[in-house]
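S.K.: Structure file target-v1.cif (mmCIF, N, CA, C and O atoms) is given on the next line.
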```
data_input
loop_
_atom_site.label_atom_id
_atom_site.label_comp_id
_atom_site.auth_asym_id
_atom_site.auth_seq_id
_atom_site.Cartn_x
_atom_site.Cartn_y
_atom_site.Cartn_z
N MET A 1 -17.56 46.42 -94.65
CA MET A 1 -18.01 47.77 -94.45
C MET A 1 -19.52 47.77 -94.20
O MET A 1 -20.26 47.05 -94.86
N ASP A 2 -19.93 48.58 -93.26
CA ASP A 2 -21.35 48.74 -92.96
C ASP A 2 -21.84 50.05 -93.56
O ASP A 2 -21.14 51.08 -93.46
N ILE A 3 -23.02 50.03 -94.17
CA ILE A 3 -23.61 51.23 -94.76
C ILE A 3 -25.04 51.34 -94.25
O ILE A 3 -25.83 50.41 -94.42
N VAL A 4 -25.34 52.47 -93.64
CA VAL A 4 -26.70 52.75 -93.18
C VAL A 4 -27.19 53.93 -94.00
O VAL A 4 -26.54 54.98 -94.05
N VAL A 5 -28.35 53.76 -94.65
CA VAL A 5 -28.91 54.81 -95.51
C VAL A 5 -30.01 55.54 -94.75
O VAL A 5 -30.93 54.93 -94.21
N HIS A 6 -29.89 56.87 -94.73
CA HIS A 6 -30.90 57.74 -94.12
C HIS A 6 -31.47 58.64 -95.21
O HIS A 6 -30.72 59.19 -96.01
N GLU A 7 -32.77 58.80 -95.22
CA GLU A 7 -33.39 59.72 -96.16
C GLU A 7 -33.48 61.08 -95.48
O GLU A 7 -34.25 61.25 -94.54
N ALA A 8 -32.66 62.02 -95.94
CA ALA A 8 -32.62 63.35 -95.32
C ALA A 8 -33.70 64.25 -95.91
O ALA A 8 -34.12 65.21 -95.29
N ASP A 9 -34.13 63.94 -97.11
CA ASP A 9 -35.03 64.78 -97.89
C ASP A 9 -35.59 63.87 -98.98
O ASP A 9 -35.00 62.83 -99.24
N PRO A 10 -36.66 64.24 -99.65
CA PRO A 10 -37.16 63.34 -100.70
C PRO A 10 -36.13 63.02 -101.79
O PRO A 10 -36.17 61.94 -102.36
N ASP A 11 -35.22 63.94 -102.07
CA ASP A 11 -34.21 63.65 -103.09
C ASP A 11 -32.78 63.62 -102.55
O ASP A 11 -31.82 63.64 -103.31
N VAL A 12 -32.63 63.58 -101.22
CA VAL A 12 -31.30 63.53 -100.60
C VAL A 12 -31.19 62.30 -99.70
O VAL A 12 -32.06 62.06 -98.86
N ALA A 13 -30.12 61.54 -99.89
CA ALA A 13 -29.84 60.40 -99.03
C ALA A 13 -28.49 60.59 -98.36
O ALA A 13 -27.55 61.09 -98.98
N VAL A 14 -28.40 60.22 -97.11
CA VAL A 14 -27.13 60.24 -96.38
C VAL A 14 -26.74 58.80 -96.13
O VAL A 14 -27.50 58.03 -95.54
N LEU A 15 -25.55 58.43 -96.59
CA LEU A 15 -25.02 57.09 -96.37
C LEU A 15 -23.97 57.17 -95.28
O LEU A 15 -22.95 57.83 -95.45
N GLU A 16 -24.26 56.55 -94.15
CA GLU A 16 -23.33 56.52 -93.03
C GLU A 16 -22.49 55.25 -93.16
O GLU A 16 -23.01 54.14 -93.03
N CYS A 17 -21.21 55.43 -93.45
CA CYS A 17 -20.33 54.30 -93.72
C CYS A 17 -19.34 54.08 -92.57
O CYS A 17 -18.87 55.04 -91.97
N SER A 18 -19.03 52.81 -92.31
CA SER A 18 -18.02 52.50 -91.31
C SER A 18 -17.28 51.24 -91.74
O SER A 18 -17.81 50.41 -92.47
N GLY A 19 -16.04 51.15 -91.29
CA GLY A 19 -15.21 50.00 -91.65
C GLY A 19 -14.15 50.38 -92.67
O GLY A 19 -13.53 51.43 -92.56
N ARG A 20 -14.00 49.54 -93.70
CA ARG A 20 -12.97 49.74 -94.71
C ARG A 20 -13.62 49.87 -96.08
O ARG A 20 -14.39 49.00 -96.47
N LEU A 21 -13.29 50.94 -96.80
CA LEU A 21 -13.76 51.13 -98.17
C LEU A 21 -12.60 50.73 -99.08
O LEU A 21 -11.69 51.51 -99.35
N ASN A 22 -12.62 49.46 -99.49
CA ASN A 22 -11.50 48.91 -100.25
C ASN A 22 -12.01 48.02 -101.37
O ASN A 22 -13.20 48.02 -101.68
N MET A 23 -11.11 47.23 -101.94
CA MET A 23 -11.43 46.36 -103.07
C MET A 23 -12.59 45.41 -102.74
O MET A 23 -13.42 45.11 -103.59
N VAL A 24 -12.66 44.96 -101.50
CA VAL A 24 -13.70 44.01 -101.10
C VAL A 24 -15.06 44.70 -100.97
O VAL A 24 -16.07 44.16 -101.42
N SER A 25 -15.10 45.87 -100.38
CA SER A 25 -16.38 46.53 -100.10
C SER A 25 -16.84 47.51 -101.18
O SER A 25 -18.00 47.89 -101.21
N ALA A 26 -15.95 47.90 -102.09
CA ALA A 26 -16.29 48.89 -103.12
C ALA A 26 -17.50 48.48 -103.97
O ALA A 26 -18.37 49.33 -104.23
N PRO A 27 -17.60 47.23 -104.43
CA PRO A 27 -18.77 46.86 -105.23
C PRO A 27 -20.10 47.03 -104.48
O PRO A 27 -21.08 47.53 -105.05
N THR A 28 -20.13 46.67 -103.22
CA THR A 28 -21.34 46.84 -102.41
C THR A 28 -21.68 48.32 -102.25
O THR A 28 -22.84 48.72 -102.32
N PHE A 29 -20.64 49.13 -102.04
CA PHE A 29 -20.84 50.58 -101.91
C PHE A 29 -21.45 51.13 -103.20
O PHE A 29 -22.42 51.89 -103.17
N ARG A 30 -20.88 50.76 -104.34
CA ARG A 30 -21.39 51.23 -105.64
C ARG A 30 -22.86 50.81 -105.84
O ARG A 30 -23.68 51.61 -106.29
N GLU A 31 -23.17 49.56 -105.50
CA GLU A 31 -24.53 49.06 -105.65
C GLU A 31 -25.50 49.83 -104.75
O GLU A 31 -26.63 50.13 -105.17
N THR A 32 -25.08 50.14 -103.55
CA THR A 32 -25.93 50.88 -102.61
C THR A 32 -26.23 52.27 -103.15
O THR A 32 -27.39 52.71 -103.15
N VAL A 33 -25.20 52.95 -103.63
CA VAL A 33 -25.41 54.30 -104.18
C VAL A 33 -26.30 54.22 -105.42
O VAL A 33 -27.23 55.03 -105.59
N ALA A 34 -26.06 53.26 -106.31
CA ALA A 34 -26.88 53.11 -107.51
C ALA A 34 -28.35 52.88 -107.15
O ALA A 34 -29.25 53.46 -107.76
N ARG A 35 -28.59 52.06 -106.13
CA ARG A 35 -29.97 51.78 -105.69
C ARG A 35 -30.63 53.05 -105.15
O ARG A 35 -31.79 53.34 -105.45
N VAL A 36 -29.88 53.82 -104.36
CA VAL A 36 -30.41 55.06 -103.79
C VAL A 36 -30.77 56.04 -104.91
O VAL A 36 -31.83 56.66 -104.90
N VAL A 37 -29.88 56.18 -105.88
CA VAL A 37 -30.11 57.10 -107.00
C VAL A 37 -31.29 56.60 -107.84
O VAL A 37 -32.15 57.39 -108.24
N ASP A 38 -31.37 55.30 -108.09
CA ASP A 38 -32.49 54.73 -108.85
C ASP A 38 -33.82 54.95 -108.13
O ASP A 38 -34.86 55.06 -108.78
N ASP A 39 -33.77 55.03 -106.81
CA ASP A 39 -34.99 55.28 -106.01
C ASP A 39 -35.39 56.75 -106.01
O ASP A 39 -36.33 57.13 -105.33
N GLY A 40 -34.63 57.60 -106.73
CA GLY A 40 -35.00 59.00 -106.86
C GLY A 40 -34.25 59.97 -105.97
O GLY A 40 -34.54 61.16 -105.97
N ARG A 41 -33.28 59.48 -105.21
CA ARG A 41 -32.50 60.37 -104.35
C ARG A 41 -31.12 60.56 -104.98
O ARG A 41 -30.16 59.88 -104.64
N SER A 42 -31.04 61.52 -105.93
CA SER A 42 -29.81 61.72 -106.71
C SER A 42 -28.79 62.60 -105.99
O SER A 42 -27.66 62.73 -106.45
N HIS A 43 -29.18 63.21 -104.89
CA HIS A 43 -28.24 63.98 -104.07
C HIS A 43 -27.79 63.07 -102.93
O HIS A 43 -28.61 62.69 -102.08
N VAL A 44 -26.51 62.72 -102.94
CA VAL A 44 -26.00 61.71 -102.02
C VAL A 44 -24.90 62.30 -101.15
O VAL A 44 -23.95 62.90 -101.67
N VAL A 45 -25.04 62.14 -99.85
CA VAL A 45 -24.00 62.53 -98.90
C VAL A 45 -23.41 61.24 -98.34
O VAL A 45 -24.14 60.39 -97.85
N VAL A 46 -22.09 61.12 -98.45
CA VAL A 46 -21.40 59.94 -97.94
C VAL A 46 -20.64 60.35 -96.69
O VAL A 46 -19.67 61.10 -96.76
N GLU A 47 -21.12 59.90 -95.54
CA GLU A 47 -20.52 60.24 -94.24
C GLU A 47 -19.43 59.21 -93.94
O GLU A 47 -19.72 58.03 -93.81
N LEU A 48 -18.17 59.66 -93.89
CA LEU A 48 -17.03 58.75 -93.80
C LEU A 48 -16.25 58.84 -92.49
O LEU A 48 -15.11 58.35 -92.43
N SER A 49 -16.82 59.38 -91.45
CA SER A 49 -16.08 59.49 -90.18
C SER A 49 -15.75 58.12 -89.60
O SER A 49 -14.76 57.95 -88.90
N GLY A 50 -16.57 57.11 -89.92
CA GLY A 50 -16.34 55.77 -89.39
C GLY A 50 -15.51 54.87 -90.30
O GLY A 50 -15.32 53.70 -90.00
N VAL A 51 -15.01 55.42 -91.39
CA VAL A 51 -14.19 54.62 -92.31
C VAL A 51 -12.73 54.79 -91.90
O VAL A 51 -12.16 55.86 -92.02
N GLU A 52 -12.15 53.69 -91.40
CA GLU A 52 -10.78 53.77 -90.90
C GLU A 52 -9.73 53.59 -91.99
O GLU A 52 -8.58 53.93 -91.81
N PHE A 53 -10.16 53.06 -93.16
CA PHE A 53 -9.21 52.83 -94.25
C PHE A 53 -9.91 52.90 -95.59
O PHE A 53 -10.99 52.33 -95.77
N MET A 54 -9.29 53.61 -96.53
CA MET A 54 -9.78 53.64 -97.91
C MET A 54 -8.58 53.50 -98.83
O MET A 54 -7.57 54.19 -98.65
N ASP A 55 -8.69 52.61 -99.83
CA ASP A 55 -7.62 52.44 -100.80
C ASP A 55 -8.06 52.98 -102.16
O ASP A 55 -9.11 53.63 -102.27
N SER A 56 -7.28 52.70 -103.20
CA SER A 56 -7.59 53.23 -104.52
C SER A 56 -8.91 52.67 -105.06
O SER A 56 -9.61 53.35 -105.81
N SER A 57 -9.27 51.46 -104.69
CA SER A 57 -10.56 50.90 -105.11
C SER A 57 -11.71 51.68 -104.49
O SER A 57 -12.72 51.94 -105.14
N GLY A 58 -11.55 52.06 -103.23
CA GLY A 58 -12.56 52.87 -102.56
C GLY A 58 -12.67 54.24 -103.19
O GLY A 58 -13.76 54.77 -103.39
N LEU A 59 -11.52 54.82 -103.52
CA LEU A 59 -11.50 56.13 -104.18
C LEU A 59 -12.19 56.03 -105.53
O LEU A 59 -13.01 56.89 -105.89
N GLY A 60 -11.90 54.97 -106.27
CA GLY A 60 -12.55 54.76 -107.56
C GLY A 60 -14.05 54.60 -107.42
O GLY A 60 -14.82 55.09 -108.26
N ALA A 61 -14.48 53.94 -106.36
CA ALA A 61 -15.91 53.77 -106.11
C ALA A 61 -16.57 55.12 -105.84
O ALA A 61 -17.66 55.39 -106.35
N LEU A 62 -15.91 55.97 -105.07
CA LEU A 62 -16.47 57.31 -104.81
C LEU A 62 -16.62 58.10 -106.10
O LEU A 62 -17.64 58.74 -106.35
N VAL A 63 -15.59 58.05 -106.95
CA VAL A 63 -15.63 58.78 -108.22
C VAL A 63 -16.72 58.21 -109.14
O VAL A 63 -17.47 58.96 -109.76
N GLY A 64 -16.84 56.89 -109.18
CA GLY A 64 -17.89 56.27 -109.98
C GLY A 64 -19.27 56.65 -109.49
O GLY A 64 -20.19 56.90 -110.29
N CYS A 65 -19.43 56.72 -108.18
CA CYS A 65 -20.72 57.10 -107.60
C CYS A 65 -21.02 58.58 -107.84
O CYS A 65 -22.19 58.95 -108.01
N LEU A 66 -20.00 59.41 -107.84
CA LEU A 66 -20.17 60.82 -108.19
C LEU A 66 -20.74 60.92 -109.60
O LEU A 66 -21.70 61.66 -109.85
N LYS A 67 -20.19 60.16 -110.52
CA LYS A 67 -20.65 60.15 -111.91
C LYS A 67 -22.10 59.67 -111.98
O LYS A 67 -22.93 60.26 -112.68
N THR A 68 -22.43 58.61 -111.25
CA THR A 68 -23.79 58.08 -111.22
C THR A 68 -24.78 59.14 -110.75
O THR A 68 -25.83 59.35 -111.36
N ALA A 69 -24.43 59.83 -109.66
CA ALA A 69 -25.32 60.87 -109.12
C ALA A 69 -25.47 62.03 -110.10
O ALA A 69 -26.59 62.52 -110.33
N ARG A 70 -24.38 62.46 -110.70
CA ARG A 70 -24.44 63.60 -111.64
C ARG A 70 -25.21 63.25 -112.90
O ARG A 70 -25.89 64.10 -113.46
N GLN A 71 -25.11 62.02 -113.36
CA GLN A 71 -25.87 61.61 -114.54
C GLN A 71 -27.37 61.62 -114.29
O GLN A 71 -28.16 61.69 -115.22
N SER A 72 -27.75 61.57 -113.03
CA SER A 72 -29.16 61.63 -112.65
C SER A 72 -29.58 63.03 -112.23
O SER A 72 -30.64 63.21 -111.64
N GLY A 73 -28.72 64.01 -112.49
CA GLY A 73 -29.04 65.39 -112.16
C GLY A 73 -28.72 65.78 -110.73
O GLY A 73 -29.14 66.84 -110.27
N GLY A 74 -27.99 64.94 -110.02
CA GLY A 74 -27.66 65.22 -108.63
C GLY A 74 -26.19 65.46 -108.41
O GLY A 74 -25.49 65.96 -109.29
N ASP A 75 -25.72 65.09 -107.24
CA ASP A 75 -24.32 65.29 -106.88
C ASP A 75 -24.00 64.35 -105.72
O ASP A 75 -24.90 63.81 -105.08
N LEU A 76 -22.71 64.19 -105.45
CA LEU A 76 -22.26 63.40 -104.31
C LEU A 76 -21.29 64.25 -103.51
O LEU A 76 -20.41 64.89 -104.09
N ARG A 77 -21.47 64.24 -102.21
CA ARG A 77 -20.62 65.01 -101.32
C ARG A 77 -20.10 64.12 -100.20
O ARG A 77 -20.77 63.18 -99.79
N ILE A 78 -18.92 64.46 -99.71
CA ILE A 78 -18.28 63.72 -98.63
C ILE A 78 -18.48 64.51 -97.33
O ILE A 78 -18.27 65.71 -97.29
N ALA A 79 -18.89 63.81 -96.28
CA ALA A 79 -19.07 64.45 -94.98
C ALA A 79 -18.15 63.78 -93.96
O ALA A 79 -18.02 62.56 -93.93
N ALA A 80 -17.50 64.60 -93.17
CA ALA A 80 -16.70 64.16 -92.02
C ALA A 80 -15.73 63.03 -92.35
O ALA A 80 -15.75 61.99 -91.70
N PRO A 81 -14.86 63.22 -93.35
CA PRO A 81 -13.91 62.15 -93.65
C PRO A 81 -12.94 61.91 -92.49
O PRO A 81 -12.52 62.87 -91.84
N SER A 82 -12.61 60.65 -92.25
CA SER A 82 -11.61 60.35 -91.23
C SER A 82 -10.26 60.87 -91.71
O SER A 82 -10.10 61.24 -92.88
N ASP A 83 -9.28 60.92 -90.83
CA ASP A 83 -7.96 61.44 -91.19
C ASP A 83 -7.35 60.66 -92.35
O ASP A 83 -6.78 61.25 -93.27
N GLN A 84 -7.47 59.34 -92.34
CA GLN A 84 -6.88 58.52 -93.40
C GLN A 84 -7.58 58.77 -94.73
O GLN A 84 -6.93 58.91 -95.77
N VAL A 85 -8.89 58.88 -94.72
CA VAL A 85 -9.65 59.15 -95.94
C VAL A 85 -9.29 60.53 -96.48
O VAL A 85 -9.07 60.71 -97.68
N GLU A 86 -9.21 61.51 -95.59
CA GLU A 86 -8.85 62.86 -96.01
C GLU A 86 -7.46 62.89 -96.64
O GLU A 86 -7.23 63.56 -97.65
N MET A 87 -6.52 62.12 -96.08
CA MET A 87 -5.18 62.05 -96.64
C MET A 87 -5.21 61.48 -98.06
O MET A 87 -4.57 62.00 -98.97
N VAL A 88 -5.97 60.40 -98.27
CA VAL A 88 -6.08 59.79 -99.60
C VAL A 88 -6.69 60.79 -100.59
O VAL A 88 -6.22 60.92 -101.73
N LEU A 89 -7.73 61.51 -100.16
CA LEU A 89 -8.36 62.50 -101.04
C LEU A 89 -7.37 63.60 -101.43
O LEU A 89 -7.31 64.00 -102.60
N LYS A 90 -6.59 64.07 -100.47
CA LYS A 90 -5.63 65.14 -100.75
C LYS A 90 -4.47 64.65 -101.61
O LYS A 90 -4.06 65.34 -102.56
N LEU A 91 -3.92 63.47 -101.31
CA LEU A 91 -2.79 62.95 -102.08
C LEU A 91 -3.16 62.68 -103.54
O LEU A 91 -2.33 62.80 -104.43
N SER A 92 -4.41 62.34 -103.77
CA SER A 92 -4.87 62.05 -105.13
C SER A 92 -5.45 63.29 -105.82
O SER A 92 -5.87 63.22 -106.97
N ASN A 93 -5.49 64.42 -105.10
CA ASN A 93 -6.11 65.66 -105.56
C ASN A 93 -7.61 65.53 -105.80
O ASN A 93 -8.20 66.38 -106.45
N MET A 94 -8.21 64.47 -105.31
CA MET A 94 -9.65 64.29 -105.46
C MET A 94 -10.44 65.19 -104.52
O MET A 94 -11.64 65.35 -104.69
N ASP A 95 -9.75 65.80 -103.56
CA ASP A 95 -10.43 66.74 -102.67
C ASP A 95 -10.88 67.98 -103.45
O ASP A 95 -11.72 68.72 -102.99
N LYS A 96 -10.34 68.17 -104.67
CA LYS A 96 -10.76 69.29 -105.52
C LYS A 96 -12.05 68.95 -106.26
O LYS A 96 -12.77 69.84 -106.68
N ILE A 97 -12.34 67.66 -106.41
CA ILE A 97 -13.51 67.22 -107.17
C ILE A 97 -14.65 66.79 -106.25
O ILE A 97 -15.81 67.12 -106.49
N LEU A 98 -14.31 66.06 -105.20
CA LEU A 98 -15.31 65.60 -104.23
C LEU A 98 -15.43 66.62 -103.11
O LEU A 98 -14.51 66.78 -102.32
N ARG A 99 -16.54 67.32 -103.06
CA ARG A 99 -16.73 68.36 -102.05
C ARG A 99 -16.84 67.73 -100.67
O ARG A 99 -17.57 66.77 -100.47
N THR A 100 -16.09 68.30 -99.73
CA THR A 100 -16.05 67.77 -98.37
C THR A 100 -16.68 68.75 -97.40
O THR A 100 -16.46 69.96 -97.51
N TYR A 101 -17.45 68.21 -96.47
CA TYR A 101 -18.13 69.02 -95.45
C TYR A 101 -17.80 68.47 -94.07
O TYR A 101 -17.48 67.29 -93.93
N PRO A 102 -17.90 69.32 -93.04
CA PRO A 102 -17.56 68.87 -91.69
C PRO A 102 -18.50 67.80 -91.15
O PRO A 102 -18.11 66.98 -90.33
N ASP A 103 -19.77 67.80 -91.61
CA ASP A 103 -20.73 66.78 -91.18
C ASP A 103 -21.85 66.67 -92.20
O ASP A 103 -21.95 67.48 -93.12
N GLY A 104 -22.66 65.66 -92.03
CA GLY A 104 -23.75 65.41 -92.97
C GLY A 104 -24.76 66.54 -93.03
O GLY A 104 -25.26 66.86 -94.11
N ASP A 105 -25.06 67.14 -91.90
CA ASP A 105 -26.04 68.24 -91.87
C ASP A 105 -25.58 69.39 -92.72
O ASP A 105 -26.37 70.00 -93.46
N ALA A 106 -24.29 69.74 -92.66
CA ALA A 106 -23.75 70.86 -93.45
C ALA A 106 -23.86 70.55 -94.95
O ALA A 106 -24.19 71.43 -95.74
N ALA A 107 -23.59 69.32 -95.32
CA ALA A 107 -23.69 68.93 -96.74
C ALA A 107 -25.12 69.00 -97.23
O ALA A 107 -25.40 69.49 -98.34
N VAL A 108 -26.06 68.52 -96.43
CA VAL A 108 -27.48 68.54 -96.81
C VAL A 108 -27.98 69.98 -96.88
O VAL A 108 -28.68 70.38 -97.83
N THR A 109 -27.64 70.79 -95.88
CA THR A 109 -28.09 72.17 -95.82
C THR A 109 -27.59 72.97 -97.02
O THR A 109 -28.30 73.85 -97.53
N ASP A 110 -26.38 72.68 -97.51
CA ASP A 110 -25.81 73.43 -98.62
C ASP A 110 -26.63 73.27 -99.90
O ASP A 110 -26.60 74.13 -100.76
N TRP A 111 -27.37 72.16 -100.03
CA TRP A 111 -28.24 72.01 -101.20
C TRP A 111 -29.46 72.91 -101.08
O TRP A 111 -30.02 73.30 -102.09
N GLY A 112 -29.85 73.21 -99.83
CA GLY A 112 -30.94 74.10 -99.51
C GLY A 112 -32.03 74.09 -100.48
O GLY A 112 -32.79 74.71 -100.91
#
```
Is it possible to express this structure as structure tokens?
M.R.:
Amino acid sequence: MDIVVHEADPDVAVLECSGRLNMVSAPTFRETVARVVDDGRSHVVVELSGVEFMDSSGLGALVGCLKTARQSGGDLRIAAPSDQVEMVLKLSNMDKILRTYPDGDAAVTDWG
């Protein structure tokens, strides 16, 4: 999985992800989010339009990262999930916990 981090605001980071968010890539994803939050950007947008596959390990990583962001006074939001990612979120009912936006700009703007 490839992750590109963009600083949208002094306390907001957008992570543009592509590839597979699974057992192999989940630890790297968690480390990236932890590093971003440790650097002071506790509001995290995870852009998932380029993620073609996510399994339960990937879902667990998203939930763990949500906890990391909230413990630092921030939040984590999902932007532009691919069809497969959206299906996993809905089947697990995690779409009720992880806020989803049509794109990264909408997620960032909502923090206003």
S.K.: Could you give me, as a list in words, the residues within 5 Å of A:Asp11, counting all atoms listed in the file and dropping anything in the same chain fewer than 5 positions from it?
M.R.: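 After dropping sequence-adjacent residues, the list is Gly40, Arg41, Ser42 and His43 of chain A.
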S.K.: Go through A:Asn93, A:Thr109, A:Asn22, A:Thr68 one by one, measure the shortest atom-to-atom distance of each to A:Glu52 using only C-alpha atoms, and give the residue with the smallest value.
M.R.: A:Asn22
S.K.: With the PyMOL selection byres ((chain A and resi 69-78) around 5) as the selection, what would be picked from this file? Answer as a PDB file with N, CA, C and O atoms, keeping the file's coordinate frame, please.
M.R.:
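Okay, this is what ended up in expr-v5.pdb:
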```
ATOM      1  N   SER A  42     -31.040  61.520-105.930  1.00  0.00           N
ATOM      2  CA  SER A  42     -29.810  61.720-106.710  1.00  0.00           C
ATOM      3  C   SER A  42     -28.790  62.600-105.990  1.00  0.00           C
ATOM      4  O   SER A  42     -27.660  62.730-106.450  1.00  0.00           O
ATOM      5  N   HIS A  43     -29.180  63.210-104.890  1.00  0.00           N
ATOM      6  CA  HIS A  43     -28.240  63.980-104.070  1.00  0.00           C
ATOM      7  C   HIS A  43     -27.790  63.070-102.930  1.00  0.00           C
ATOM      8  O   HIS A  43     -28.610  62.690-102.080  1.00  0.00           O
ATOM      9  N   VAL A  44     -26.510  62.720-102.940  1.00  0.00           N
ATOM     10  CA  VAL A  44     -26.000  61.710-102.020  1.00  0.00           C
ATOM     11  C   VAL A  44     -24.900  62.300-101.150  1.00  0.00           C
ATOM     12  O   VAL A  44     -23.950  62.900-101.670  1.00  0.00           O
ATOM     13  N   VAL A  45     -25.040  62.140 -99.850  1.00  0.00           N
ATOM     14  CA  VAL A  45     -24.000  62.530 -98.900  1.00  0.00           C
ATOM     15  C   VAL A  45     -23.410  61.240 -98.340  1.00  0.00           C
ATOM     16  O   VAL A  45     -24.140  60.390 -97.850  1.00  0.00           O
ATOM     17  N   VAL A  46     -22.090  61.120 -98.450  1.00  0.00           N
ATOM     18  CA  VAL A  46     -21.400  59.940 -97.940  1.00  0.00           C
ATOM     19  C   VAL A  46     -20.640  60.350 -96.690  1.00  0.00           C
ATOM     20  O   VAL A  46     -19.670  61.100 -96.760  1.00  0.00           O
ATOM     21  N   CYS A  65     -19.430  56.720-108.180  1.00  0.00           N
ATOM     22  CA  CYS A  65     -20.720  57.100-107.600  1.00  0.00           C
ATOM     23  C   CYS A  65     -21.020  58.580-107.840  1.00  0.00           C
ATOM     24  O   CYS A  65     -22.190  58.950-108.010  1.00  0.00           O
ATOM     25  N   LEU A  66     -20.000  59.410-107.840  1.00  0.00           N
ATOM     26  CA  LEU A  66     -20.170  60.820-108.190  1.00  0.00           C
ATOM     27  C   LEU A  66     -20.740  60.920-109.600  1.00  0.00           C
ATOM     28  O   LEU A  66     -21.700  61.660-109.850  1.00  0.00           O
ATOM     29  N   LYS A  67     -20.190  60.160-110.520  1.00  0.00           N
ATOM     30  CA  LYS A  67     -20.650  60.150-111.910  1.00  0.00           C
ATOM     31  C   LYS A  67     -22.100  59.670-111.980  1.00  0.00           C
ATOM     32  O   LYS A  67     -22.930  60.260-112.680  1.00  0.00           O
ATOM     33  N   THR A  68     -22.430  58.610-111.250  1.00  0.00           N
ATOM     34  CA  THR A  68     -23.790  58.080-111.220  1.00  0.00           C
ATOM     35  C   THR A  68     -24.780  59.140-110.750  1.00  0.00           C
ATOM     36  O   THR A  68     -25.830  59.350-111.360  1.00  0.00           O
ATOM     37  N   ALA A  79     -18.890  63.810 -96.280  1.00  0.00           N
ATOM     38  CA  ALA A  79     -19.070  64.450 -94.980  1.00  0.00           C
ATOM     39  C   ALA A  79     -18.150  63.780 -93.960  1.00  0.00           C
ATOM     40  O   ALA A  79     -18.020  62.560 -93.930  1.00  0.00           O
ATOM     41  N   ALA A  80     -17.500  64.600 -93.170  1.00  0.00           N
ATOM     42  CA  ALA A  80     -16.700  64.160 -92.020  1.00  0.00           C
ATOM     43  C   ALA A  80     -15.730  63.030 -92.350  1.00  0.00           C
ATOM     44  O   ALA A  80     -15.750  61.990 -91.700  1.00  0.00           O
ATOM     45  N   ARG A  99     -16.540  67.320-103.060  1.00  0.00           N
ATOM     46  CA  ARG A  99     -16.730  68.360-102.050  1.00  0.00           C
ATOM     47  C   ARG A  99     -16.840  67.730-100.670  1.00  0.00           C
ATOM     48  O   ARG A  99     -17.570  66.770-100.470  1.00  0.00           O
ATOM     49  N   THR A 100     -16.090  68.300 -99.730  1.00  0.00           N
ATOM     50  CA  THR A 100     -16.050  67.770 -98.370  1.00  0.00           C
ATOM     51  C   THR A 100     -16.680  68.750 -97.400  1.00  0.00           C
ATOM     52  O   THR A 100     -16.460  69.960 -97.510  1.00  0.00           O
ATOM     53  N   TYR A 101     -17.450  68.210 -96.470  1.00  0.00           N
ATOM     54  CA  TYR A 101     -18.130  69.020 -95.450  1.00  0.00           C
ATOM     55  C   TYR A 101     -17.800  68.470 -94.070  1.00  0.00           C
ATOM     56  O   TYR A 101     -17.480  67.290 -93.930  1.00  0.00           O
TER      57      TYR A 101
END
```
S.K.: Which value, in Å to one decimal, gives the distance between atom CA of A:Gly50 and atom CA of A:Gly19?
M.R.: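 Between atom CA of A:Gly50 and atom CA of A:Gly19 the gap is 6.3 Å.
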S.K.: Counting only C-alpha atoms, which of A:Ser49, A:Thr32, A:Gln84, A:Ser56 gets nearest to A:Ser18?
M.R.: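 Ranked by minimum distance to A:Ser18, first place goes to A:Ser49.
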S.K.: Write down as a PyMOL selection string the residues belonging to chain A that are assigned alpha helix (DSSP H) by DSSP computed on the backbone.
M.R.: chain A and resi 26-38+56-71+83-91+104-111
S.K.: Nearest to A:Ala26: which of A:Val88, A:Leu98, A:Ala13, A:Ile3 is it, counting only C-alpha atoms?
M.R.: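 Closest residue, counting only C-alpha atoms: A:Ile3.
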S.K.: Care to translate the PyMOL selection byres (((chain A and resi 5 and name CA) around 6) and name CA) into actual residues of this file, as an mmCIF file with N, CA, C and O atoms, in the frame of the given file?
M.R.:
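Output below, filename result06.cif:
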```cif
data_model
loop_
_atom_site.group_PDB
_atom_site.id
_atom_site.type_symbol
_atom_site.label_atom_id
_atom_site.label_comp_id
_atom_site.auth_asym_id
_atom_site.auth_seq_id
_atom_site.Cartn_x
_atom_site.Cartn_y
_atom_site.Cartn_z
ATOM 1 N N VAL A 4 -25.340 52.470 -93.640
ATOM 2 C CA VAL A 4 -26.700 52.750 -93.180
ATOM 3 C C VAL A 4 -27.190 53.930 -94.000
ATOM 4 O O VAL A 4 -26.540 54.980 -94.050
ATOM 5 N N HIS A 6 -29.890 56.870 -94.730
ATOM 6 C CA HIS A 6 -30.900 57.740 -94.120
ATOM 7 C C HIS A 6 -31.470 58.640 -95.210
ATOM 8 O O HIS A 6 -30.720 59.190 -96.010
ATOM 9 N N VAL A 14 -28.400 60.220 -97.110
ATOM 10 C CA VAL A 14 -27.130 60.240 -96.380
ATOM 11 C C VAL A 14 -26.740 58.800 -96.130
ATOM 12 O O VAL A 14 -27.500 58.030 -95.540
ATOM 13 N N LEU A 15 -25.550 58.430 -96.590
ATOM 14 C CA LEU A 15 -25.020 57.090 -96.370
ATOM 15 C C LEU A 15 -23.970 57.170 -95.280
ATOM 16 O O LEU A 15 -22.950 57.830 -95.450
#
```
S.K.: Between atom CA of A:Arg30 and atom CA of A:Gly64, measure the distance and give it in Å to one decimal.
M.R.: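 Computed distance, atom CA of A:Arg30 to atom CA of A:Gly64, equals 7.5 Å.
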S.K.: Using only C-alpha atoms, find the one residue out of A:Val108, A:Met23, A:Leu91, A:Ala8 that sits nearest to A:Met54.
M.R.: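 Using only C-alpha atoms, the shortest distance to A:Met54 belongs to A:Met23.
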S.K.: Quick one: what's the axis-aligned box for stretch 99-108 of chain A, all listed atoms, 4 Å on every side, centre and edges in Å to one decimal, as lines of an AutoDock Vina configuration file?
M.R.:
```
center_x = -22.4
center_y = 68.4
center_z = -96.7
size_x = 20.6
size_y = 14.0
size_z = 20.7
```
S.K.: Using the chain letters and numbers from this document, which residues of chain A does DSSP assign to strand (DSSP E or B), as a PyMOL selection string?
M.R.: chain A and resi 2-9+12-21+43-54+75-79+99-101
S.K.: Just the number, please: distance in Å from atom CA of A:Val51 to atom CA of A:Arg20, one decimal.
M.R.: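 Computing it gives 5.6 Å between the two atoms.
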